[in-house]
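Colleague: Provided below: input-v4.cif, containing mmCIF, C-alpha atoms, pLDDT in the B column; chains and numbers go by the auth columns.
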data_run
#
loop_
_atom_site.group_PDB
_atom_site.id
_atom_site.type_symbol
_atom_site.label_atom_id
_atom_site.label_comp_id
_atom_site.label_asym_id
_atom_site.label_seq_id
_atom_site.Cartn_x
_atom_site.Cartn_y
_atom_site.Cartn_z
_atom_site.B_iso_or_equiv
_atom_site.auth_seq_id
_atom_site.auth_asym_id
ATOM 1 C CA MET A 1 75.592 104.164 73.368 41.00 75 A
ATOM 2 C CA GLU A 2 79.055 102.608 73.331 40.00 76 A
ATOM 3 C CA ILE A 3 80.186 101.071 70.045 42.00 77 A
ATOM 4 C CA ILE A 4 81.863 97.666 70.340 41.00 78 A
ATOM 5 C CA ASP A 5 84.768 97.502 67.903 41.00 79 A
ATOM 6 C CA GLU A 6 85.263 94.506 65.664 42.00 80 A
ATOM 7 C CA PRO A 7 88.569 92.572 65.820 43.00 81 A
ATOM 8 C CA ASN A 8 91.346 94.196 63.826 48.00 82 A
ATOM 9 C CA ASP A 9 93.532 91.880 61.735 49.00 83 A
ATOM 10 C CA ASP A 10 96.002 94.544 60.575 57.00 84 A
ATOM 11 C CA LEU A 11 98.558 93.549 63.252 65.00 85 A
ATOM 12 C CA LYS A 12 99.821 90.022 63.709 79.00 86 A
ATOM 13 C CA GLU A 13 98.273 88.160 66.608 82.00 87 A
ATOM 14 C CA SER A 14 101.687 87.244 68.075 86.00 88 A
ATOM 15 C CA TYR A 15 102.737 90.910 68.074 89.00 89 A
ATOM 16 C CA VAL A 16 99.519 92.033 69.761 89.00 90 A
ATOM 17 C CA ARG A 17 99.853 89.331 72.417 90.00 91 A
ATOM 18 C CA ASP A 18 103.442 90.405 73.116 91.00 92 A
ATOM 19 C CA VAL A 19 102.287 94.000 73.643 92.00 93 A
ATOM 20 C CA PHE A 20 99.491 92.684 75.862 92.00 94 A
ATOM 21 C CA PHE A 21 102.065 90.723 77.892 93.00 95 A
ATOM 22 C CA VAL A 22 104.331 93.741 78.418 94.00 96 A
ATOM 23 C CA ALA A 23 101.557 96.180 79.353 94.00 97 A
ATOM 24 C CA LEU A 24 99.769 93.764 81.683 94.00 98 A
ATOM 25 C CA ASN A 25 102.938 92.686 83.481 93.00 99 A
ATOM 26 C CA CYS A 26 104.020 96.299 83.991 94.00 100 A
ATOM 27 C CA GLY A 27 100.630 97.047 85.524 93.00 101 A
ATOM 28 C CA LYS A 28 100.767 93.945 87.706 93.00 102 A
ATOM 29 C CA LEU A 29 104.233 94.810 89.042 93.00 103 A
ATOM 30 C CA LEU A 30 103.164 98.381 89.755 93.00 104 A
ATOM 31 C CA LEU A 31 100.038 97.296 91.640 92.00 105 A
ATOM 32 C CA GLU A 32 101.955 94.703 93.662 90.00 106 A
ATOM 33 C CA SER A 33 104.449 97.438 94.587 89.00 107 A
ATOM 34 C CA GLY A 34 101.818 99.842 95.920 86.00 108 A
ATOM 35 C CA ALA A 35 101.579 102.292 93.010 88.00 109 A
ATOM 36 C CA GLU A 36 98.538 104.507 92.548 88.00 110 A
ATOM 37 C CA THR A 37 95.780 103.128 90.313 89.00 111 A
ATOM 38 C CA TYR A 38 95.813 106.161 88.011 89.00 112 A
ATOM 39 C CA ARG A 39 99.560 105.702 87.483 89.00 113 A
ATOM 40 C CA ILE A 40 99.003 102.043 86.564 93.00 114 A
ATOM 41 C CA GLU A 41 96.222 102.843 84.104 92.00 115 A
ATOM 42 C CA ASP A 42 98.234 105.622 82.485 92.00 116 A
ATOM 43 C CA THR A 43 101.350 103.433 82.184 93.00 117 A
ATOM 44 C CA MET A 44 99.469 100.540 80.561 94.00 118 A
ATOM 45 C CA MET A 45 97.720 102.893 78.135 93.00 119 A
ATOM 46 C CA ARG A 46 100.970 104.603 77.135 93.00 120 A
ATOM 47 C CA ILE A 47 102.759 101.288 76.562 94.00 121 A
ATOM 48 C CA SER A 48 99.912 99.989 74.393 92.00 122 A
ATOM 49 C CA ASN A 49 99.713 103.186 72.359 92.00 123 A
ATOM 50 C CA SER A 50 103.489 103.281 71.891 91.00 124 A
ATOM 51 C CA TYR A 51 103.349 99.909 70.138 91.00 125 A
ATOM 52 C CA GLY A 52 100.484 100.887 67.859 88.00 126 A
ATOM 53 C CA ILE A 53 97.546 99.467 69.798 88.00 127 A
ATOM 54 C CA SER A 54 94.565 101.775 69.629 84.00 128 A
ATOM 55 C CA ASN A 55 91.623 101.890 72.029 85.00 129 A
ATOM 56 C CA PRO A 56 93.013 99.843 74.942 89.00 130 A
ATOM 57 C CA GLN A 57 90.829 99.861 78.042 91.00 131 A
ATOM 58 C CA VAL A 58 92.163 99.506 81.609 93.00 132 A
ATOM 59 C CA PHE A 59 90.317 99.331 84.919 92.00 133 A
ATOM 60 C CA VAL A 60 92.361 99.038 88.107 91.00 134 A
ATOM 61 C CA THR A 61 91.393 98.661 91.752 89.00 135 A
ATOM 62 C CA PRO A 62 93.811 97.897 94.620 88.00 136 A
ATOM 63 C CA THR A 63 93.131 94.158 94.114 88.00 137 A
ATOM 64 C CA VAL A 64 92.191 93.691 90.425 92.00 138 A
ATOM 65 C CA ILE A 65 93.375 94.687 86.944 94.00 139 A
ATOM 66 C CA ILE A 66 90.982 94.348 84.002 93.00 140 A
ATOM 67 C CA PHE A 67 92.772 94.955 80.705 94.00 141 A
ATOM 68 C CA SER A 68 91.236 94.835 77.214 92.00 142 A
ATOM 69 C CA MET A 69 92.442 95.464 73.692 89.00 143 A
ATOM 70 C CA ASN A 70 89.037 95.885 72.134 77.00 144 A
ATOM 71 C CA GLU A 71 90.063 95.940 68.482 77.00 145 A
ATOM 72 C CA HIS A 72 91.905 92.635 68.889 78.00 146 A
ATOM 73 C CA ALA A 73 89.385 90.798 71.077 80.00 147 A
ATOM 74 C CA LEU A 74 91.833 90.375 73.977 86.00 148 A
ATOM 75 C CA THR A 75 90.738 90.702 77.593 89.00 149 A
ATOM 76 C CA GLN A 76 92.225 89.451 80.843 91.00 150 A
ATOM 77 C CA THR A 77 91.490 89.941 84.526 91.00 151 A
ATOM 78 C CA VAL A 78 94.345 89.676 87.026 91.00 152 A
ATOM 79 C CA ARG A 79 93.728 89.404 90.754 91.00 153 A
ATOM 80 C CA ILE A 80 96.404 90.774 93.089 87.00 154 A
ATOM 81 C CA ASP A 81 96.598 88.972 96.432 82.00 155 A
ATOM 82 C CA GLU A 82 99.869 90.408 97.775 80.00 156 A
ATOM 83 C CA ARG A 83 100.775 94.077 97.876 81.00 157 A
ATOM 84 C CA ALA A 84 103.738 95.931 99.329 80.00 158 A
ATOM 85 C CA ASN A 85 105.261 99.407 99.312 80.00 159 A
ATOM 86 C CA ASP A 86 108.221 98.876 96.984 82.00 160 A
ATOM 87 C CA LEU A 87 109.021 102.316 95.583 82.00 161 A
ATOM 88 C CA GLY A 88 112.170 100.907 93.990 84.00 162 A
ATOM 89 C CA MET A 89 110.091 98.615 91.777 88.00 163 A
ATOM 90 C CA VAL A 90 107.733 101.481 90.932 89.00 164 A
ATOM 91 C CA ASN A 91 110.748 103.503 89.774 89.00 165 A
ATOM 92 C CA VAL A 92 112.038 100.585 87.674 90.00 166 A
ATOM 93 C CA ILE A 93 108.716 100.166 85.858 92.00 167 A
ATOM 94 C CA ASN A 94 108.364 103.926 85.365 92.00 168 A
ATOM 95 C CA ASN A 95 111.799 104.019 83.741 92.00 169 A
ATOM 96 C CA LEU A 96 110.894 101.048 81.539 92.00 170 A
ATOM 97 C CA SER A 97 107.704 102.826 80.464 92.00 171 A
ATOM 98 C CA ARG A 98 109.681 105.914 79.506 93.00 172 A
ATOM 99 C CA GLU A 99 112.131 103.783 77.501 93.00 173 A
ATOM 100 C CA ILE A 100 109.233 102.135 75.668 92.00 174 A
ATOM 101 C CA THR A 101 107.627 105.467 74.760 90.00 175 A
ATOM 102 C CA ALA A 102 111.063 106.619 73.571 89.00 176 A
ATOM 103 C CA GLY A 103 111.225 103.735 71.091 88.00 177 A
ATOM 104 C CA MET A 104 112.435 100.580 72.865 89.00 178 A
ATOM 105 C CA PRO A 105 111.883 97.500 70.643 91.00 179 A
ATOM 106 C CA LEU A 106 109.158 95.141 71.800 90.00 180 A
ATOM 107 C CA LYS A 107 111.457 92.121 72.177 91.00 181 A
ATOM 108 C CA SER A 108 113.832 94.170 74.352 91.00 182 A
ATOM 109 C CA ALA A 109 110.917 95.195 76.581 92.00 183 A
ATOM 110 C CA ILE A 110 109.887 91.537 76.971 91.00 184 A
ATOM 111 C CA ARG A 111 113.429 90.511 77.960 91.00 185 A
ATOM 112 C CA LYS A 112 113.617 93.340 80.474 91.00 186 A
ATOM 113 C CA ILE A 113 110.267 92.341 82.012 90.00 187 A
ATOM 114 C CA GLU A 114 111.526 88.766 82.371 88.00 188 A
ATOM 115 C CA ARG A 115 114.719 89.977 84.076 88.00 189 A
ATOM 116 C CA ILE A 116 112.659 92.088 86.481 86.00 190 A
ATOM 117 C CA HIS A 117 110.574 89.000 87.365 77.00 191 A
ATOM 118 C CA GLU A 118 113.732 87.017 88.039 73.00 192 A
ATOM 119 C CA SER A 119 115.295 89.690 90.238 72.00 193 A
ATOM 120 C CA LEU A 120 115.268 89.128 93.980 61.00 194 A
ATOM 121 C CA VAL A 121 113.292 91.260 96.388 70.00 195 A
ATOM 122 C CA PHE A 122 115.016 92.848 99.341 77.00 196 A
ATOM 123 C CA PRO A 123 116.466 90.142 101.628 82.00 197 A
ATOM 124 C CA LEU A 124 115.005 89.765 105.113 84.00 198 A
ATOM 125 C CA TRP A 125 118.220 90.807 106.859 88.00 199 A
ATOM 126 C CA LEU A 126 118.290 94.097 104.972 89.00 200 A
ATOM 127 C CA MET A 127 114.655 94.843 105.813 89.00 201 A
ATOM 128 C CA VAL A 128 115.284 94.090 109.490 92.00 202 A
ATOM 129 C CA LEU A 129 118.407 96.256 109.499 94.00 203 A
ATOM 130 C CA THR A 130 116.524 99.097 107.850 93.00 204 A
ATOM 131 C CA GLY A 131 113.744 98.797 110.432 93.00 205 A
ATOM 132 C CA GLY A 132 116.322 99.202 113.185 94.00 206 A
ATOM 133 C CA MET A 133 117.802 102.254 111.481 95.00 207 A
ATOM 134 C CA VAL A 134 114.356 103.835 111.150 94.00 208 A
ATOM 135 C CA GLY A 135 113.675 103.353 114.867 93.00 209 A
ATOM 136 C CA PHE A 136 117.117 104.752 115.697 93.00 210 A
ATOM 137 C CA MET A 137 116.691 107.875 113.551 94.00 211 A
ATOM 138 C CA PHE A 138 113.131 108.633 114.661 94.00 212 A
ATOM 139 C CA LEU A 139 114.169 108.522 118.311 94.00 213 A
ATOM 140 C CA LEU A 140 116.713 111.238 117.527 92.00 214 A
ATOM 141 C CA LEU A 141 114.060 113.157 115.569 92.00 215 A
ATOM 142 C CA PHE A 142 111.709 113.052 118.574 91.00 216 A
ATOM 143 C CA ASP A 143 114.491 114.333 120.903 89.00 217 A
ATOM 144 C CA GLY A 144 114.603 111.061 122.792 88.00 218 A
ATOM 145 C CA ALA A 145 117.277 110.232 125.348 89.00 219 A
ATOM 146 C CA LEU A 146 120.481 108.765 123.934 91.00 220 A
ATOM 147 C CA ILE A 147 120.252 105.905 126.410 94.00 221 A
ATOM 148 C CA ASP A 148 117.045 104.797 124.648 93.00 222 A
ATOM 149 C CA LEU A 149 118.675 104.470 121.202 93.00 223 A
ATOM 150 C CA PRO A 150 119.494 100.729 121.533 93.00 224 A
ATOM 151 C CA ALA A 151 115.911 99.916 122.539 94.00 225 A
ATOM 152 C CA ALA A 152 114.427 101.960 119.683 94.00 226 A
ATOM 153 C CA ALA A 153 116.746 100.341 117.132 94.00 227 A
ATOM 154 C CA PHE A 154 116.098 96.849 118.487 95.00 228 A
ATOM 155 C CA GLY A 155 112.346 97.462 118.661 94.00 229 A
ATOM 156 C CA GLY A 156 112.204 98.713 115.073 94.00 230 A
ATOM 157 C CA ALA A 157 114.197 95.719 113.826 95.00 231 A
ATOM 158 C CA LEU A 158 112.137 93.299 115.915 94.00 232 A
ATOM 159 C CA GLY A 159 108.869 94.734 114.613 93.00 233 A
ATOM 160 C CA VAL A 160 109.918 94.299 110.974 93.00 234 A
ATOM 161 C CA PHE A 161 111.230 90.786 111.666 93.00 235 A
ATOM 162 C CA ILE A 162 107.973 89.691 113.332 92.00 236 A
ATOM 163 C CA MET A 163 105.813 91.278 110.654 89.00 237 A
ATOM 164 C CA GLU A 164 107.720 89.679 107.776 85.00 238 A
ATOM 165 C CA GLY A 165 107.915 86.365 109.618 85.00 239 A
ATOM 166 C CA ILE A 166 104.174 86.155 110.229 84.00 240 A
ATOM 167 C CA LEU A 167 103.441 87.165 106.613 80.00 241 A
ATOM 168 C CA ARG A 168 105.070 83.908 105.530 77.00 242 A
ATOM 169 C CA PHE A 169 102.319 81.965 107.331 78.00 243 A
ATOM 170 C CA THR A 170 99.271 84.206 106.978 74.00 244 A
ATOM 171 C CA LYS A 171 98.315 87.036 104.647 71.00 245 A
ATOM 172 C CA VAL A 172 96.056 88.739 107.207 74.00 246 A
ATOM 173 C CA LYS A 173 97.922 91.985 107.727 77.00 247 A
ATOM 174 C CA PHE A 174 95.987 92.903 110.877 83.00 248 A
ATOM 175 C CA PHE A 175 97.665 90.093 112.835 85.00 249 A
ATOM 176 C CA THR A 176 101.161 90.935 111.573 89.00 250 A
ATOM 177 C CA GLU A 177 100.987 94.551 112.670 91.00 251 A
ATOM 178 C CA PHE A 178 99.192 93.716 115.904 92.00 252 A
ATOM 179 C CA PHE A 179 101.820 91.245 117.103 92.00 253 A
ATOM 180 C CA ALA A 180 104.710 93.387 115.833 93.00 254 A
ATOM 181 C CA SER A 181 103.526 96.427 117.798 94.00 255 A
ATOM 182 C CA LEU A 182 102.751 94.203 120.795 94.00 256 A
ATOM 183 C CA PHE A 183 106.338 92.967 121.019 94.00 257 A
ATOM 184 C CA ILE A 184 107.716 96.457 120.379 95.00 258 A
ATOM 185 C CA ALA A 185 105.739 97.832 123.316 94.00 259 A
ATOM 186 C CA LEU A 186 106.758 94.871 125.463 94.00 260 A
ATOM 187 C CA THR A 187 110.427 95.436 124.620 93.00 261 A
ATOM 188 C CA ALA A 188 110.158 99.131 125.476 93.00 262 A
ATOM 189 C CA HIS A 189 108.451 98.280 128.774 93.00 263 A
ATOM 190 C CA LEU A 190 111.127 95.763 129.797 92.00 264 A
ATOM 191 C CA TYR A 191 113.940 98.126 128.793 93.00 265 A
ATOM 192 C CA SER A 192 112.423 101.007 130.771 91.00 266 A
ATOM 193 C CA THR A 193 111.442 98.966 133.838 90.00 267 A
ATOM 194 C CA TYR A 194 114.411 96.632 134.245 90.00 268 A
ATOM 195 C CA GLY A 195 117.013 98.486 132.218 88.00 269 A
ATOM 196 C CA PRO A 196 118.396 101.986 131.816 89.00 270 A
ATOM 197 C CA GLY A 197 115.484 103.235 129.688 83.00 271 A
ATOM 198 C CA ALA A 198 114.463 106.839 130.229 87.00 272 A
ATOM 199 C CA ASN A 199 111.186 107.234 128.312 90.00 273 A
ATOM 200 C CA MET A 200 109.115 104.224 127.293 92.00 274 A
ATOM 201 C CA ASP A 201 106.637 106.280 125.266 91.00 275 A
ATOM 202 C CA THR A 202 109.325 107.742 123.012 93.00 276 A
ATOM 203 C CA ILE A 203 110.859 104.313 122.432 94.00 277 A
ATOM 204 C CA ILE A 204 107.495 102.885 121.367 94.00 278 A
ATOM 205 C CA ILE A 205 106.688 105.801 119.061 93.00 279 A
ATOM 206 C CA ALA A 206 110.084 105.599 117.354 94.00 280 A
ATOM 207 C CA ALA A 207 110.100 101.805 117.059 94.00 281 A
ATOM 208 C CA VAL A 208 106.630 101.498 115.493 94.00 282 A
ATOM 209 C CA MET A 209 107.402 103.999 112.731 93.00 283 A
ATOM 210 C CA PRO A 210 108.489 101.255 110.252 92.00 284 A
ATOM 211 C CA LEU A 211 104.966 99.818 110.627 91.00 285 A
ATOM 212 C CA VAL A 212 103.079 103.084 110.090 90.00 286 A
ATOM 213 C CA PRO A 213 101.260 103.107 106.687 87.00 287 A
ATOM 214 C CA GLY A 214 102.507 106.521 105.611 84.00 288 A
ATOM 215 C CA VAL A 215 102.790 105.673 101.902 84.00 289 A
ATOM 216 C CA LEU A 216 99.343 104.067 101.933 85.00 290 A
ATOM 217 C CA ILE A 217 97.754 107.143 103.510 89.00 291 A
ATOM 218 C CA THR A 218 99.449 109.432 100.981 88.00 292 A
ATOM 219 C CA ASN A 219 98.330 107.268 98.062 87.00 293 A
ATOM 220 C CA ALA A 220 94.760 107.166 99.382 89.00 294 A
ATOM 221 C CA ILE A 221 94.626 110.961 99.450 90.00 295 A
ATOM 222 C CA ARG A 222 96.157 111.227 95.966 87.00 296 A
ATOM 223 C CA GLU A 223 93.644 108.706 94.600 87.00 297 A
ATOM 224 C CA MET A 224 90.757 110.732 96.019 89.00 298 A
ATOM 225 C CA ILE A 225 92.135 113.956 94.566 88.00 299 A
ATOM 226 C CA ARG A 226 92.477 112.356 91.123 84.00 300 A
ATOM 227 C CA GLY A 227 88.864 111.168 91.251 83.00 301 A
ATOM 228 C CA HIS A 228 89.556 107.459 91.836 83.00 302 A
ATOM 229 C CA LEU A 229 87.123 107.306 94.721 86.00 303 A
ATOM 230 C CA LEU A 230 86.872 103.515 94.939 85.00 304 A
ATOM 231 C CA ALA A 231 90.652 103.035 95.172 86.00 305 A
ATOM 232 C CA GLY A 232 90.990 105.964 97.576 88.00 306 A
ATOM 233 C CA ILE A 233 88.338 104.613 99.941 91.00 307 A
ATOM 234 C CA MET A 234 89.803 101.098 99.852 88.00 308 A
ATOM 235 C CA LYS A 235 93.331 102.287 100.579 88.00 309 A
ATOM 236 C CA GLY A 236 92.093 104.637 103.278 90.00 310 A
ATOM 237 C CA ALA A 237 90.227 101.763 104.942 90.00 311 A
ATOM 238 C CA GLU A 238 93.331 99.567 104.765 88.00 312 A
ATOM 239 C CA ALA A 239 95.458 102.321 106.326 90.00 313 A
ATOM 240 C CA THR A 240 92.870 102.793 109.081 91.00 314 A
ATOM 241 C CA LEU A 241 92.876 99.077 109.916 91.00 315 A
ATOM 242 C CA THR A 242 96.680 99.080 110.000 90.00 316 A
ATOM 243 C CA ALA A 243 96.745 102.045 112.370 91.00 317 A
ATOM 244 C CA PHE A 244 94.109 100.367 114.551 93.00 318 A
ATOM 245 C CA ALA A 245 96.157 97.147 114.676 92.00 319 A
ATOM 246 C CA ILE A 246 99.282 99.041 115.748 93.00 320 A
ATOM 247 C CA GLY A 247 97.368 100.923 118.420 92.00 321 A
ATOM 248 C CA ALA A 248 95.676 97.753 119.688 94.00 322 A
ATOM 249 C CA GLY A 249 98.988 95.959 120.097 93.00 323 A
ATOM 250 C CA VAL A 250 100.497 98.799 122.094 93.00 324 A
ATOM 251 C CA ALA A 251 97.332 99.299 124.124 93.00 325 A
ATOM 252 C CA LEU A 252 97.255 95.646 125.146 93.00 326 A
ATOM 253 C CA VAL A 253 100.701 95.957 126.744 92.00 327 A
ATOM 254 C CA PHE A 254 99.608 99.058 128.667 90.00 328 A
ATOM 255 C CA MET A 255 96.515 97.219 129.847 90.00 329 A
ATOM 256 C CA ILE A 256 98.587 94.271 131.084 86.00 330 A
ATOM 257 C CA ILE A 257 101.168 96.330 132.921 79.00 331 A
#
Transcribe the structure of this file into structure tokens.

Modeller:
Amino acid sequence: MEIIDEPNDDLKESYVRDVFFVALNCGKLLLESGAETYRIEDTMMRISNSYGISNPQVFVTPTVIIFSMNEHALTQTVRIDERANDLGMVNVINNLSREITAGMPLKSAIRKIERIHESLVFPLWLMVLTGGMVGFMFLLLFDGALIDLPAAAFGGALGVFIMEGILRFTKVKFFTEFFASLFIALTAHLYSTYGPGANMDTIIIAAVMPLVPGVLITNAIREMIRGHLLAGIMKGAEATLTAFAIGAGVALVFMII
């Protein structure tokens, strides 16, 4: 039988709430950036323990964080509606967690969290440019013809642009990946049919690589290995739907032509 702890008045309420703020915001940023659930739980526990909070309880799924400080009668549930694969943000929060466990003052941690919230995400032009570079490099990796490099780069950039553009109007990821892959396949078809394109299949494969949920698949497997079956199944299902959307978009072009 689990024992429910009584509230502990040894620490000031303002101090406990500040620790709660830091730990919960670190977990929220990690989950929004695509981190594994076990990493989020471990980070929030370590931060709480580093500031003298005993018996914190954390439960994380890919869409929800439930955080409690039992001895201080604090509990909050945070729902996450938007998620991305931002490994840069994951690295920032990991470094902050290490600094906290090494002795960073609480007020300094709060100021750093606020600066992280105010920082800008990657601009759209940089994401589009990176998508083009990914398509370009994967065509070379797949031994594609040099004449197809412009189409692969343009297709990769176009796919990222369409996906990010649609996300500003709807949060249904299936539609974003479907239409992005649809226009990538259409671009490859036009370039191969009416232009100097040599191999339409290679162009499509290279250009859709920025859309492929590689990080999500890896995280799903890692979650399953660590025993987080619920998170692993949910992420695996999301990766499957993404792959299906990409395949459906490409298949539709082949059906039309």

Colleague: Take the PyMOL selection byres ((chain A and resi 277) around 10), run it mentally on this structure, and tell me the resulting residues as an MDAnalysis selection string.

Modeller: chainID A and resid 209:210 212:213 216 218:219 222:230 258:259 261:263 265:266 271:276 278:282

Colleague: Segment 76-170 of chain A near segment 290-312 of chain A within 10 Å: what's each residue's closest atom pair and its distance in Å to one decimal, counting only C-alpha atoms, ordered by chain then ascending residue number, as JSON lines?

Modeller:
{"residue": "A:Gly108", "atom": "CA", "partner": "A:Leu290", "partner_atom": "CA", "distance": 7.8}
{"residue": "A:Ala109", "atom": "CA", "partner": "A:Asn293", "partner_atom": "CA", "distance": 7.8}
{"residue": "A:Glu110", "atom": "CA", "partner": "A:Asn293", "partner_atom": "CA", "distance": 6.2}
{"residue": "A:Thr111", "atom": "CA", "partner": "A:Ala305", "partner_atom": "CA", "distance": 7.1}
{"residue": "A:Tyr112", "atom": "CA", "partner": "A:Glu297", "partner_atom": "CA", "distance": 7.4}
{"residue": "A:Arg113", "atom": "CA", "partner": "A:Glu297", "partner_atom": "CA", "distance": 9.7}
{"residue": "A:Val134", "atom": "CA", "partner": "A:Ala305", "partner_atom": "CA", "distance": 8.3}
{"residue": "A:Thr135", "atom": "CA", "partner": "A:Ala305", "partner_atom": "CA", "distance": 5.6}
{"residue": "A:Pro136", "atom": "CA", "partner": "A:Ala305", "partner_atom": "CA", "distance": 6.1}
{"residue": "A:Thr137", "atom": "CA", "partner": "A:Ala305", "partner_atom": "CA", "distance": 9.3}
{"residue": "A:Ala158", "atom": "CA", "partner": "A:Leu290", "partner_atom": "CA", "distance": 9.6}
{"residue": "A:Asn159", "atom": "CA", "partner": "A:Leu290", "partner_atom": "CA", "distance": 8.0}

Colleague: What's around Val90 of chain A at 12 Å? Count only C-alpha atoms, leave out sequence neighbours fewer than 6 positions away in its own chain, and write the answer as a count of residues only.

Modeller: 23

Colleague: With only C-alpha atoms as the atoms that count, which of A:Ala183, A:Ala322, A:Pro287, A:Leu198 lies nearest to Phe249 of chain A?

Modeller: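 Ranking A:Ala183, A:Ala322, A:Pro287, A:Leu198 by distance to Phe249 of chain A, first place goes to A:Ala322.
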
Colleague: Out of A:Asn169, A:Thr151, A:Ser182, A:Thr175, which residue has the shortest atom-to-atom distance to Met119 of chain A when counting only C-alpha atoms?

Modeller: A:Thr175

Colleague: Please, which residues are within 8 Å of (99.3, 101.9, 114.7) by the file's coordinates, counting all atoms listed in the file, and could they come as a list in words?

Modeller: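 Within the cut-off we find Glu251, Ser255, Val282, Leu285, Val286, Thr316, Ala317, Phe318, Ala319, Ile320, Gly321 and Ala322 of chain A.
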
Colleague: Given the file shown, determine the residues that the PyMOL selection byres ((chain A and resi 250) around 9) selects; report them as a PyMOL selection string.

Modeller: chain A and resi 236-241+244-249+251-255+319

Colleague: Report, in Å to a single decimal, how far apart atom CA of Phe196 of chain A and atom CA of Gly162 of chain A are.

Modeller: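 Interatomic distance here is 10.1 Å.
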
Colleague: Kindly give the distance, in Å, that separates atom CA of Thr204 of chain A and atom CA of Asp160 of chain A, rounded to a single decimal.

Modeller: 13.7 Å

Colleague: List the spatial neighbours of Ala231 of chain A as an MDAnalysis selection string - criterion: any atom at most 6 Å away, all atoms listed in the file, same-chain residues fewer than 6 positions off excluded.

Modeller: chainID A and resid 202 205:206

Colleague: Using all atoms listed in the file, pick whichever of A:Ile187, A:Phe95, A:Leu220, A:Leu103 has the shortest atom-to-atom distance to Gln150 of chain A.

Modeller: A:Phe95

Colleague: Can you tell me how far atom CA of Glu173 of chain A sits from atom CA of Cys100 of chain A, in Å to one decimal?

Modeller: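 So the answer is 12.8 Å.
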
Colleague: Starting from the shown file, work through the PyMOL selection byres ((chain A and resi 157) around 6) and note down what comes out as a list in words.

Modeller: Glu106, Ser107, Glu156 and Ala158 of chain A

Colleague: Nearest to Met211 of chain A: which of A:Thr314, A:Pro284, A:Ile139, A:Asp116 is it, counting only C-alpha atoms?

Modeller: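 Closest to Met211 of chain A of all the choices is A:Pro284.
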
Colleague: Which one is closest to Val152 of chain A: A:Gly101, A:Gly233, A:Pro179, A:Pro197? Count only C-alpha atoms.

Modeller: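 Of A:Gly101, A:Gly233, A:Pro179, A:Pro197, the one nearest Val152 of chain A is A:Gly101, counting only C-alpha atoms.
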
Colleague: To test the calculation: enclose all listed atoms of segment 292-304 of chain A in a box whose edges run along x, y and z, add 5 Å on each side, then state centre and edge lengths in Å to one decimal, as AutoDock Vina command-line options.

Modeller:
--center_x 93.2 --center_y 108.7 --center_z 96.1 --size_x 22.6 --size_y 20.4 --size_z 19.9

Colleague: Using all atoms listed in the file for the distances, tell me which of A:Ile140, A:Met283, A:Leu264, A:Leu326 is nearest to Arg153 of chain A.

Modeller: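 Of all the options, A:Ile140 lies closest to Arg153 of chain A.
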